[in-house]
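Have a look at upload_24.txt; it's compact mmCIF, C-alpha atoms:
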```
# COMPACT_ATOMS: atom_id res chain seq x y z
CA MET A 1 67.40 43.74 279.57
CA LEU A 2 68.87 41.89 282.57
CA THR A 3 65.41 40.49 283.41
CA LEU A 4 65.00 39.13 279.88
CA LEU A 5 68.50 37.66 279.86
CA ALA A 6 68.02 36.05 283.29
CA PHE A 7 64.68 34.57 282.15
CA ILE A 8 66.23 33.13 278.97
CA VAL A 9 69.14 31.65 280.93
CA THR A 10 66.70 30.15 283.47
CA LEU A 11 64.55 28.52 280.80
CA SER A 12 67.51 27.31 278.75
CA VAL A 13 69.36 25.74 281.68
CA LEU A 14 66.31 24.02 283.19
CA ILE A 15 65.03 22.68 279.88
CA ALA A 16 68.48 21.53 278.73
CA VAL A 17 69.13 19.71 282.03
CA HIS A 18 65.68 18.08 282.01
CA GLU A 19 65.96 16.85 278.44
CA PHE A 20 69.58 15.76 278.96
CA GLY A 21 68.33 13.49 281.74
CA HIS A 22 65.99 11.75 279.29
CA PHE A 23 68.68 11.71 276.59
CA GLN A 24 71.44 10.19 278.73
CA ALA A 25 69.16 7.59 280.28
CA ALA A 26 67.95 6.57 276.82
CA ARG A 27 71.54 6.09 275.66
CA TRP A 28 72.42 4.07 278.76
CA CYS A 29 69.40 1.86 278.10
CA GLY A 30 70.42 1.32 274.47
CA VAL A 31 67.59 3.36 272.91
CA LYS A 32 68.36 5.26 269.71
CA VAL A 33 67.78 9.03 270.06
CA LEU A 34 66.73 10.76 266.84
CA ARG A 35 66.47 14.35 268.06
CA PHE A 36 67.33 16.45 271.13
CA SER A 37 65.46 19.76 270.97
CA ILE A 38 65.50 22.79 273.25
CA GLY A 39 62.35 24.68 272.34
CA PHE A 40 59.56 24.02 269.85
CA GLY A 41 58.76 25.27 266.38
CA LYS A 42 61.15 26.38 263.65
CA PRO A 43 64.78 25.32 264.27
CA LEU A 44 67.21 28.20 264.72
CA PHE A 45 70.19 25.86 264.98
CA SER A 46 70.55 22.24 263.94
CA LYS A 47 73.57 19.93 264.02
CA ARG A 48 74.03 16.16 264.01
CA PHE A 49 76.42 14.46 266.43
CA GLY A 50 77.37 11.06 267.84
CA ARG A 51 77.27 7.47 266.78
CA ASP A 52 73.51 7.59 266.15
CA ASN A 53 73.73 10.82 264.15
CA THR A 54 71.37 12.47 266.67
CA GLU A 55 70.05 15.87 265.57
CA PHE A 56 70.57 18.57 268.21
CA VAL A 57 68.17 21.50 267.74
CA VAL A 58 67.61 24.94 269.28
CA ALA A 59 64.10 26.03 268.22
CA ALA A 60 62.30 29.37 268.14
CA LEU A 61 59.84 28.85 271.04
CA PRO A 62 61.89 28.28 274.22
CA PHE A 63 59.00 27.19 276.47
CA GLY A 64 59.94 23.52 276.64
CA GLY A 65 61.85 20.84 274.81
CA TYR A 66 61.78 17.17 273.90
CA VAL A 67 63.87 14.08 273.16
CA LYS A 68 62.57 12.11 270.17
CA MET A 69 63.46 8.43 270.38
CA LEU A 70 63.09 5.63 267.88
CA ASP A 71 59.57 4.22 268.35
CA GLU A 72 57.55 1.82 266.20
CA ARG A 73 54.31 3.48 267.27
CA GLU A 74 55.32 6.72 265.54
CA ALA A 75 56.82 5.43 262.26
CA PRO A 76 57.89 2.13 260.65
CA ILE A 77 61.51 1.21 261.36
CA GLU A 78 63.77 0.43 258.44
CA GLY A 79 66.53 -2.05 259.22
CA HIS A 80 66.18 -4.97 261.60
CA GLU A 81 69.25 -3.94 263.60
CA ASP A 82 67.45 -0.84 264.91
CA VAL A 83 64.21 -2.56 265.96
CA SER A 84 65.70 -3.73 269.26
CA ARG A 85 66.72 -0.13 270.01
CA ALA A 86 63.18 1.26 269.75
CA PHE A 87 61.74 2.78 272.94
CA ASN A 88 58.56 0.71 272.76
CA ARG A 89 60.62 -2.53 272.63
CA GLN A 90 62.31 -1.83 275.99
CA SER A 91 61.31 -3.46 279.27
CA VAL A 92 58.93 -1.48 281.46
CA TRP A 93 61.75 -0.88 283.96
CA LYS A 94 63.96 0.71 281.27
CA ARG A 95 61.07 2.90 280.14
CA ILE A 96 60.51 3.97 283.75
CA ALA A 97 64.21 4.84 284.07
CA ILE A 98 64.20 6.91 280.86
CA VAL A 99 61.01 8.83 281.70
CA SER A 100 61.93 9.52 285.34
CA ALA A 101 65.45 10.68 284.41
CA GLY A 102 64.22 14.13 283.29
CA PRO A 103 62.66 15.16 286.62
CA ALA A 104 65.55 13.44 288.44
CA ALA A 105 68.03 15.59 286.51
CA ASN A 106 66.20 18.74 287.67
CA LEU A 107 66.34 17.61 291.28
CA LEU A 108 70.03 16.73 290.98
CA LEU A 109 70.69 20.18 289.50
CA ALA A 110 69.03 21.75 292.55
CA ILE A 111 71.19 19.65 294.89
CA PHE A 112 74.32 20.70 292.97
CA LEU A 113 73.41 24.42 293.06
CA TYR A 114 72.56 24.33 296.78
CA TRP A 115 75.80 22.42 297.42
CA LEU A 116 77.79 25.20 295.73
CA LEU A 117 75.95 27.88 297.71
CA PHE A 118 76.35 26.13 301.07
CA MET A 119 80.06 25.56 300.47
CA HIS A 120 80.71 29.14 299.34
CA GLY A 121 78.69 30.55 302.22
CA VAL A 122 75.36 32.34 302.29
CA VAL A 123 75.15 35.67 304.12
CA GLY A 124 71.84 36.22 305.89
CA MET A 125 70.28 38.40 308.56
CA LYS A 126 70.31 37.00 312.07
CA PRO A 127 66.71 36.53 313.29
CA LEU A 128 66.80 39.41 315.75
CA LEU A 129 63.29 40.56 316.63
CA GLY A 130 62.26 44.14 315.98
CA ASP A 131 59.18 45.89 317.35
CA ILE A 132 56.40 43.45 318.32
CA ALA A 133 53.00 44.80 317.31
CA PRO A 134 50.33 44.51 320.06
CA GLY A 135 47.62 41.92 319.46
CA THR A 136 49.72 39.76 317.13
CA PRO A 137 50.53 36.08 317.81
CA ALA A 138 54.13 37.11 318.62
CA ALA A 139 52.87 39.50 321.33
CA GLU A 140 50.55 36.78 322.69
CA ALA A 141 53.57 34.43 322.84
CA SER A 142 55.45 37.04 324.95
CA LEU A 143 58.27 37.41 322.42
CA LYS A 144 60.30 40.57 323.03
CA THR A 145 62.11 43.11 320.89
CA GLY A 146 65.83 42.30 320.71
CA GLN A 147 65.45 38.56 321.25
CA LEU A 148 67.34 36.25 318.90
CA ILE A 149 65.35 33.31 317.53
CA GLN A 150 67.56 30.23 317.83
CA LYS A 151 65.16 27.41 316.96
CA VAL A 152 61.71 26.94 315.46
CA ALA A 153 60.04 23.57 316.12
CA GLY A 154 63.40 22.35 317.43
CA ILE A 155 65.17 23.19 314.14
CA PRO A 156 68.15 25.60 314.30
CA THR A 157 67.43 28.85 312.44
CA PRO A 158 70.62 30.90 311.95
CA THR A 159 68.95 33.39 309.54
CA TRP A 160 65.57 35.02 308.98
CA GLN A 161 65.30 32.98 305.78
CA ASP A 162 65.51 29.79 307.87
CA VAL A 163 62.86 31.11 310.27
CA ARG A 164 60.55 31.91 307.36
CA TRP A 165 61.08 28.49 305.74
CA VAL A 166 60.42 26.43 308.89
CA LEU A 167 57.37 28.51 309.84
CA LEU A 168 56.01 28.19 306.31
CA GLN A 169 56.14 24.39 306.61
CA GLU A 170 54.74 24.37 310.15
CA THR A 171 51.81 26.60 309.13
CA LEU A 172 50.55 23.81 306.86
CA GLU A 173 50.93 21.21 309.61
CA SER A 174 50.20 22.65 313.06
CA PRO A 175 48.04 25.29 314.77
CA SER A 176 51.04 26.42 316.83
CA VAL A 177 54.82 26.04 317.04
CA GLU A 178 57.50 26.31 319.71
CA ILE A 179 60.01 29.16 319.36
CA GLU A 180 63.31 29.11 321.25
CA ALA A 181 64.67 32.64 321.69
CA VAL A 182 67.54 34.12 323.66
CA GLY A 183 67.66 37.58 325.24
CA ASP A 184 70.45 40.10 325.83
CA ALA A 185 71.50 38.30 329.03
CA ASN A 186 71.81 35.00 327.11
CA ASP A 187 68.72 33.72 328.92
CA VAL A 188 66.86 31.13 326.83
CA HIS A 189 63.05 31.26 326.69
CA LEU A 190 60.51 28.96 325.03
CA HIS A 191 57.46 30.57 323.44
CA GLN A 192 54.37 28.97 321.89
CA LEU A 193 53.51 30.87 318.70
CA ARG A 194 49.95 30.59 317.37
CA LEU A 195 49.80 29.87 313.62
CA SER A 196 46.05 29.39 313.22
CA SER A 197 45.56 33.08 312.38
CA ILE A 198 47.26 32.57 308.99
CA GLY A 199 44.58 32.43 306.29
CA LYS A 200 44.79 30.95 302.81
CA ASP A 201 45.53 34.37 301.24
CA ASP A 202 48.26 35.31 303.74
CA PHE A 203 50.90 33.29 301.87
CA GLU A 204 50.71 35.98 299.17
CA VAL A 205 52.00 38.66 301.55
CA ASP A 206 54.67 38.63 304.24
CA PHE A 207 53.02 36.20 306.63
CA LEU A 208 55.78 36.83 309.20
CA GLU A 209 54.41 40.35 309.63
CA LYS A 210 50.94 38.88 310.18
CA LEU A 211 52.46 36.80 312.98
CA GLY A 212 54.10 39.91 314.43
CA LEU A 213 57.64 38.79 313.63
CA LYS A 214 59.55 41.77 312.33
CA PRO A 215 63.33 41.94 311.75
CA TYR A 216 65.22 44.33 313.98
CA GLN A 217 65.99 47.60 312.22
CA PRO A 218 68.77 49.71 313.75
CA ASP A 219 68.06 53.43 313.88
CA VAL A 220 70.69 54.44 311.34
CA PRO A 221 70.83 57.63 309.25
CA ALA A 222 69.82 57.50 305.58
CA VAL A 223 73.40 57.21 304.31
CA ILE A 224 74.07 55.24 301.13
CA GLY A 225 76.51 52.34 301.41
CA GLU A 226 76.91 49.51 298.92
CA MET A 227 74.88 49.62 295.68
CA VAL A 228 73.77 46.83 293.33
CA ALA A 229 75.46 47.04 289.92
CA GLY A 230 73.05 48.44 287.30
CA SER A 231 70.53 49.49 289.95
CA PRO A 232 68.48 52.74 289.87
CA ALA A 233 70.72 54.08 292.68
CA GLU A 234 73.86 53.58 290.59
CA ALA A 235 72.20 54.88 287.42
CA ALA A 236 71.07 58.05 289.22
CA GLY A 237 74.64 58.79 290.26
CA LEU A 238 74.34 58.20 294.01
CA GLN A 239 77.64 57.51 295.76
CA ASP A 240 78.86 55.71 298.86
CA GLY A 241 78.49 58.12 301.78
CA ASP A 242 75.67 60.23 300.30
CA GLU A 243 73.14 61.22 302.98
CA ILE A 244 69.51 61.51 301.83
CA ARG A 245 67.82 64.37 303.69
CA LEU A 246 64.65 65.04 301.69
CA VAL A 247 62.47 63.00 299.29
CA ASN A 248 60.22 65.25 297.18
CA GLY A 249 60.63 67.88 299.88
CA GLU A 250 59.65 65.54 302.73
CA HIS A 251 62.13 65.18 305.62
CA VAL A 252 63.90 61.82 305.98
CA GLY A 253 64.74 60.97 309.60
CA ASN A 254 66.46 57.61 309.14
CA TRP A 255 67.01 54.74 306.74
CA GLU A 256 63.74 53.00 307.63
CA GLN A 257 61.76 56.11 306.66
CA LEU A 258 63.65 56.34 303.37
CA VAL A 259 62.88 52.70 302.57
CA GLY A 260 59.19 53.30 303.32
CA MET A 261 59.07 56.26 300.93
CA ILE A 262 60.80 54.33 298.15
CA ARG A 263 58.58 51.25 298.58
CA LYS A 264 55.45 53.37 298.08
CA ASN A 265 56.68 54.85 294.79
CA PRO A 266 57.54 52.16 292.22
CA GLU A 267 58.23 53.61 288.75
CA ARG A 268 57.61 57.16 290.02
CA GLU A 269 60.16 59.94 289.73
CA LEU A 270 61.57 61.08 293.08
CA LYS A 271 63.74 64.12 293.78
CA LEU A 272 66.31 63.44 296.50
CA SER A 273 68.04 66.22 298.39
CA VAL A 274 71.49 64.79 299.08
CA ALA A 275 74.37 65.91 301.29
CA ARG A 276 77.62 64.85 299.65
CA GLY A 277 80.42 65.94 301.93
CA ASN A 278 79.94 69.70 302.34
CA THR A 279 77.92 70.00 299.13
CA ALA A 280 74.12 69.87 298.76
CA ILE A 281 72.91 68.35 295.48
CA THR A 282 69.63 67.15 293.99
CA VAL A 283 69.37 63.68 292.45
CA THR A 284 66.43 62.41 290.40
CA ILE A 285 65.71 58.70 290.71
CA ILE A 286 62.97 56.30 289.57
CA PRO A 287 62.64 53.24 291.84
CA GLU A 288 62.28 49.98 289.92
CA SER A 289 59.06 48.02 290.27
CA VAL A 290 59.44 44.77 292.22
CA SER A 291 56.82 42.13 293.07
CA GLU A 292 56.59 41.18 296.75
CA GLY A 293 53.84 38.63 297.13
CA SER A 294 50.67 40.29 295.83
CA GLU A 295 52.18 43.78 296.21
CA THR A 296 54.31 45.85 293.86
CA ILE A 297 56.91 47.93 295.66
CA GLY A 298 59.70 50.31 294.72
CA ARG A 299 63.40 49.54 295.16
CA ILE A 300 66.56 51.47 294.27
CA GLY A 301 69.18 48.76 294.94
CA ALA A 302 71.15 50.44 297.73
CA MET A 303 72.15 49.36 301.23
CA TYR A 304 72.72 51.63 304.17
CA ARG A 305 76.22 52.32 305.45
CA MET A 306 76.93 50.70 308.78
CA GLU A 307 79.86 50.18 311.08
CA GLN A 308 81.46 46.73 310.92
CA SER A 309 80.57 46.02 314.55
CA GLU A 310 76.88 46.61 313.80
CA LEU A 311 77.08 44.47 310.66
CA ASP A 312 78.61 41.63 312.67
CA ARG A 313 75.72 41.91 315.10
CA LEU A 314 73.07 41.72 312.38
CA LEU A 315 74.59 39.40 309.73
CA VAL A 316 75.80 35.81 309.72
CA ASN A 317 77.68 33.81 307.08
CA VAL A 318 76.31 30.27 306.99
CA ARG A 319 78.94 27.99 305.47
CA TYR A 320 79.59 24.23 305.39
CA GLY A 321 82.34 21.81 304.37
CA PRO A 322 81.89 19.72 301.18
CA PHE A 323 80.22 16.72 302.84
CA ASP A 324 77.98 18.69 305.22
CA ALA A 325 77.06 21.00 302.34
CA LEU A 326 75.98 17.98 300.27
CA VAL A 327 73.84 16.65 303.13
CA LYS A 328 72.31 20.09 303.65
CA ALA A 329 71.70 20.55 299.91
CA SER A 330 70.01 17.14 299.62
CA ALA A 331 67.82 17.86 302.66
CA LYS A 332 66.89 21.30 301.28
CA THR A 333 65.88 19.80 297.92
CA TRP A 334 63.83 17.07 299.59
CA GLU A 335 62.08 19.48 301.98
CA THR A 336 61.27 21.89 299.15
CA SER A 337 59.90 19.06 296.99
CA VAL A 338 57.67 17.77 299.79
CA PHE A 339 56.53 21.30 300.63
CA SER A 340 55.60 21.92 296.97
CA LEU A 341 53.40 18.81 296.98
CA LYS A 342 51.79 19.84 300.28
CA MET A 343 51.08 23.32 298.92
CA LEU A 344 49.50 21.79 295.81
CA GLY A 345 47.38 19.51 297.99
CA ASN A 346 46.23 22.47 300.08
CA MET A 347 45.37 24.42 296.92
CA ILE A 348 43.23 21.54 295.68
CA THR A 349 41.39 21.33 299.03
CA GLY A 350 40.98 25.11 299.18
CA ASN A 351 43.17 25.66 302.27
CA VAL A 352 45.66 27.76 300.27
CA SER A 353 44.81 30.29 297.56
CA TRP A 354 45.55 29.53 293.88
CA LYS A 355 46.96 33.07 293.67
CA GLY A 356 50.34 31.55 294.45
CA VAL A 357 50.51 29.84 291.04
CA SER A 358 52.91 31.87 288.89
CA GLY A 359 53.19 32.14 285.13
CA PRO A 360 56.10 33.15 282.88
CA VAL A 361 55.73 36.89 283.59
CA THR A 362 56.15 36.44 287.35
CA ILE A 363 58.96 33.92 286.90
CA ALA A 364 60.75 36.34 284.57
CA SER A 365 60.32 39.11 287.14
CA TYR A 366 61.79 36.97 289.93
CA ALA A 367 64.63 35.86 287.64
CA GLY A 368 65.51 39.51 286.99
CA GLN A 369 65.25 40.47 290.67
CA SER A 370 67.53 37.64 291.78
CA ALA A 371 70.05 38.45 289.03
CA HIS A 372 70.07 42.10 290.15
CA ILE A 373 70.90 41.03 293.71
CA GLY A 374 73.82 38.83 292.66
CA TRP A 375 74.92 35.41 291.47
CA LYS A 376 74.15 33.66 294.76
CA ALA A 377 70.55 34.86 294.74
CA PHE A 378 70.19 33.83 291.09
CA LEU A 379 71.57 30.32 291.72
CA GLY A 380 69.18 29.95 294.66
CA PHE A 381 66.28 31.01 292.42
CA LEU A 382 67.44 28.60 289.70
CA ALA A 383 67.54 25.73 292.23
CA LEU A 384 64.02 26.53 293.44
CA ILE A 385 62.54 26.65 289.93
CA SER A 386 64.41 23.46 289.00
CA ILE A 387 62.75 21.68 291.95
CA SER A 388 59.35 23.04 290.89
CA LEU A 389 59.87 21.77 287.34
CA GLY A 390 60.98 18.35 288.57
CA VAL A 391 58.03 17.98 290.97
CA LEU A 392 55.52 19.26 288.41
CA ASN A 393 56.68 16.71 285.84
CA LEU A 394 56.29 13.86 288.33
CA LEU A 395 52.60 14.58 288.92
CA PRO A 396 50.43 11.70 287.63
CA ILE A 397 48.91 13.79 284.84
CA PRO A 398 48.86 12.29 281.33
CA VAL A 399 51.20 14.20 278.90
CA LEU A 400 53.62 14.81 281.81
CA ASP A 401 56.41 12.39 282.75
CA GLY A 402 54.42 11.42 285.83
CA GLY A 403 51.48 10.42 283.63
CA HIS A 404 53.68 8.01 281.67
CA LEU A 405 55.04 6.59 284.93
CA MET A 406 51.44 6.06 286.09
CA TYR A 407 50.74 4.05 282.91
CA TYR A 408 53.87 1.96 283.50
CA MET A 409 52.82 1.21 287.09
CA VAL A 410 49.47 -0.01 285.77
CA GLU A 411 51.34 -2.12 283.20
CA ILE A 412 53.43 -3.76 285.95
CA PHE A 413 50.37 -4.76 287.99
CA LYS A 414 48.18 -5.56 284.96
CA GLY A 415 50.83 -7.54 283.11
CA SER A 416 50.22 -5.77 279.79
CA PRO A 417 50.49 -2.19 278.45
CA VAL A 418 47.64 0.29 278.85
CA SER A 419 45.47 0.32 275.70
CA ASP A 420 45.87 3.07 273.10
CA ARG A 421 42.24 4.10 273.65
CA ILE A 422 42.78 4.74 277.36
CA MET A 423 46.05 6.57 276.68
CA GLU A 424 44.36 8.83 274.11
CA ALA A 425 41.57 9.63 276.59
CA GLY A 426 44.18 10.33 279.26
CA GLN A 427 46.02 12.60 276.83
CA ARG A 428 42.91 14.73 276.38
CA ILE A 429 42.30 14.89 280.13
CA GLY A 430 45.94 15.81 280.76
CA LEU A 431 45.89 18.59 278.17
CA PHE A 432 42.66 19.91 279.70
CA LEU A 433 44.16 19.98 283.21
CA LEU A 434 47.36 21.63 281.99
CA GLY A 435 45.24 24.17 280.08
CA ILE A 436 43.41 25.09 283.30
CA LEU A 437 46.73 25.43 285.14
CA MET A 438 48.11 27.71 282.41
CA VAL A 439 44.97 29.86 282.45
CA VAL A 440 45.25 30.27 286.25
CA ALA A 441 48.96 31.10 285.97
CA PHE A 442 48.43 33.70 283.23
CA TYR A 443 45.45 35.18 285.09
CA ASN A 444 47.57 35.58 288.23
CA ASP A 445 50.35 37.21 286.16
CA ILE A 446 47.91 39.69 284.60
CA ASN A 447 46.21 40.35 287.93
CA ARG A 448 49.56 41.12 289.60
CA PHE A 449 50.46 43.45 286.73
CA VAL A 450 47.10 45.29 286.74
CA THR A 451 46.54 45.55 290.50
CA GLY A 452 50.23 46.00 291.41
```
As structure tokens, how would this structure be written, given the file I've shared?
Amino acid sequence: MLTLLAFIVTLSVLIAVHEFGHFQAARWCGVKVLRFSIGFGKPLFSKRFGRDNTEFVVAALPFGGYVKMLDEREAPIEGHEDVSRAFNRQSVWKRIAIVSAGPAANLLLAIFLYWLLFMHGVVGMKPLLGDIAPGTPAAEASLKTGQLIQKVAGIPTPTWQDVRWVLLQETLESPSVEIEAVGDANDVHLHQLRLSSIGKDDFEVDFLEKLGLKPYQPDVPAVIGEMVAGSPAEAAGLQDGDEIRLVNGEHVGNWEQLVGMIRKNPERELKLSVARGNTAITVTIIPESVSEGSETIGRIGAMYRMEQSELDRLLVNVRYGPFDALVKASAKTWETSVFSLKMLGNMITGNVSWKGVSGPVTIASYAGQSAHIGWKAFLGFLALISISLGVLNLLPIPVLDGGHLMYYMVEIFKGSPVSDRIMEAGQRIGLFLLGILMVVAFYNDINRFVTG
């Protein structure tokens, strides 16, 4: 239920913001808006507002929306006073402003959400290195267990998430990257990490593991600490302080072993032998199924209990003031937008697998997972999808906003609008390309579901 609700909220917010961008720009440019619709098909709600008596609609199919403006090309206009307010009568620069306002609104939403997160503070794991597997690029680079990664390619990386993000970008650009790491004695070392071993399908799994970069895992007992609200752990009746000793009769030595057992058993019933104080009890639990790249793993939504001193060693709260947060949020949105375009370019050239294209099923799954983790994770997910929607709509594909902008650029250089015949041909090509993209996305969704 939470997954469905999170998916509906995600769609509704992103579509409403996108269409509001078009709507507000149209009003600023003096264009009369006839209808503002969230969704397609049969209206579930309809109400007229404002000086233009604009109809606001919530329709049955929530996979999109539209803003219908007064336009002589669609229907004759009654009343000479409205002719000047038709979309097709506006200058090319006003039409560009109106069309580009939708994607711009999505990008501004992402900046706003990241700004909130950076001001509130984002807790992350410090990039402390765990065991380095022999033969991996990390081992070749002489990185050591216990080192703290401070910079990647000269960019500060206070959390593992930052390390992952910078390496992801560098993998598309360079065969190797410089890692700055500090040891227990505060001695700084520079290491050259080889990235050329990352193949086009490795972006679907944890590519950090392929590089040999594994987060440090303290050897702590399998004792339950904090639990996610509504998680399988909470539903099964586990409590703070419970020690898990057996899983289906198999001995559990530490928390890492417990996690491994749970990951291998999504949607399978497990019997846990639990020590609760001086009492031994049995708890039945079914780990929820979670997508992790191309894998499906099990998760129960519980963290291990740890002393505050150990938590301070492993976790960091990254927080900024209002202005610095805005700069950081803008940079994050820009970097993510550029990276999305680079990934698309690499997919087209075959350097990156098309398996990374996600459809509504995968997006719904990620929406639910982020909502389960908490509001910060969900806002971060919402910002990421908002950027994806904004960038996608700016692609020069007819039927998308970017396709219209392409026509307007041609009009500026040509001195006259693109002919209806060319626009109709472009419409067919655009629909064909979008159809292929949707088929790939749905195929990937089904493939993830079937193969797990």
From A:Val352, A:Cys29, A:Pro62, A:Asp184, residue lying nearest Phe87 (chain A) [only C-alpha atoms] | A:Cys29
For Gly415 (chain A), which residue among A:Gly277, A:Gly350, A:Ser91, A:Val327 is the nearest when counting only C-alpha atoms?
->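 Checking each candidate against Gly415 (chain A), we get A:Ser91 as the closest.
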Interatomic distance between CA of Ala233 (chain A) and CA of Ala302 (chain A)?
->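 Going from CA of Ala233 (chain A) over to CA of Ala302 (chain A), I get 6.2 Å.
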List the neighbours of Asn393 (chain A) out to 10 Å using only C-alpha atoms; skip same-chain residues closer than 3 positions along the sequence, and give me the result as a list in words.
->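 Result of the neighbour search: His18, Val99, Ser100, Gly102, Pro103, Ala104, Asn106, Ile387, Ser388, Leu389, Gly390, Pro396, Ile397, Val399, Leu400, Asp401, Gly402 and Gly403 of chain A.
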Coordinates-based distance that separates CA of Leu341 (chain A) from CA of Tyr407 (chain A) (Å, one decimal) |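 Taking CA of Tyr407 (chain A) and CA of Leu341 (chain A), their separation equals 20.6 Å.
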Listed atoms of region 276-287 of chain A, axis-aligned box, 8 Å per side: centre and edge lengths to one decimal in Å, as lines of an AutoDock Vina configuration file?
```
center_x = 71.5
center_y = 61.6
center_z = 296.0
size_x = 33.8
size_y = 32.8
size_z = 28.8
```
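If you count all atoms listed in the file and draw a sphere of 9 Å around (77.9, 60.6, 300.6), the protein and nucleic acid residues inside it come out as Val223, Ile224, Gly225, Leu238, Gln239, Asp240, Gly241, Asp242, Glu243, Ile244, Val274, Ala275, Arg276 and Gly277 of chain A.
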In Å, how far is it from CA of Val338 (chain A) to CA of Val318 (chain A)?
-> 23.6 Å
Test item: residues at most 10 Å from region 187-189 of chain A, only C-alpha atoms, excluding those fewer than 2 positions along its chain, as a list in words | Ser142, Leu143, Gln147, Leu148, Ile149, Gln150, Ile179, Glu180, Ala181, Val182, Gly183, Asp184, Ala185 and His191 of chain A
Could you tell me which of A:His251, A:Val67, A:Val228, A:Ala97 comes closest to Ile300 (chain A) if we count only C-alpha atoms?
->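 Ranking A:His251, A:Val67, A:Val228, A:Ala97 by distance to Ile300 (chain A), first place goes to A:Val228.
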Using all atoms listed in the file, which residue out of A:Ser416, A:Ser231, A:Ser196, A:Thr333 lies closest to Ser289 (chain A)?
->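 Ranking A:Ser416, A:Ser231, A:Ser196, A:Thr333 by distance to Ser289 (chain A), first place goes to A:Ser231.
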If you count all atoms listed in the file, which residues fall within 6 Å of region 359-366 of chain A, apart from same-chain ones fewer than 2 positions away, as a count of residues only?
-> 6
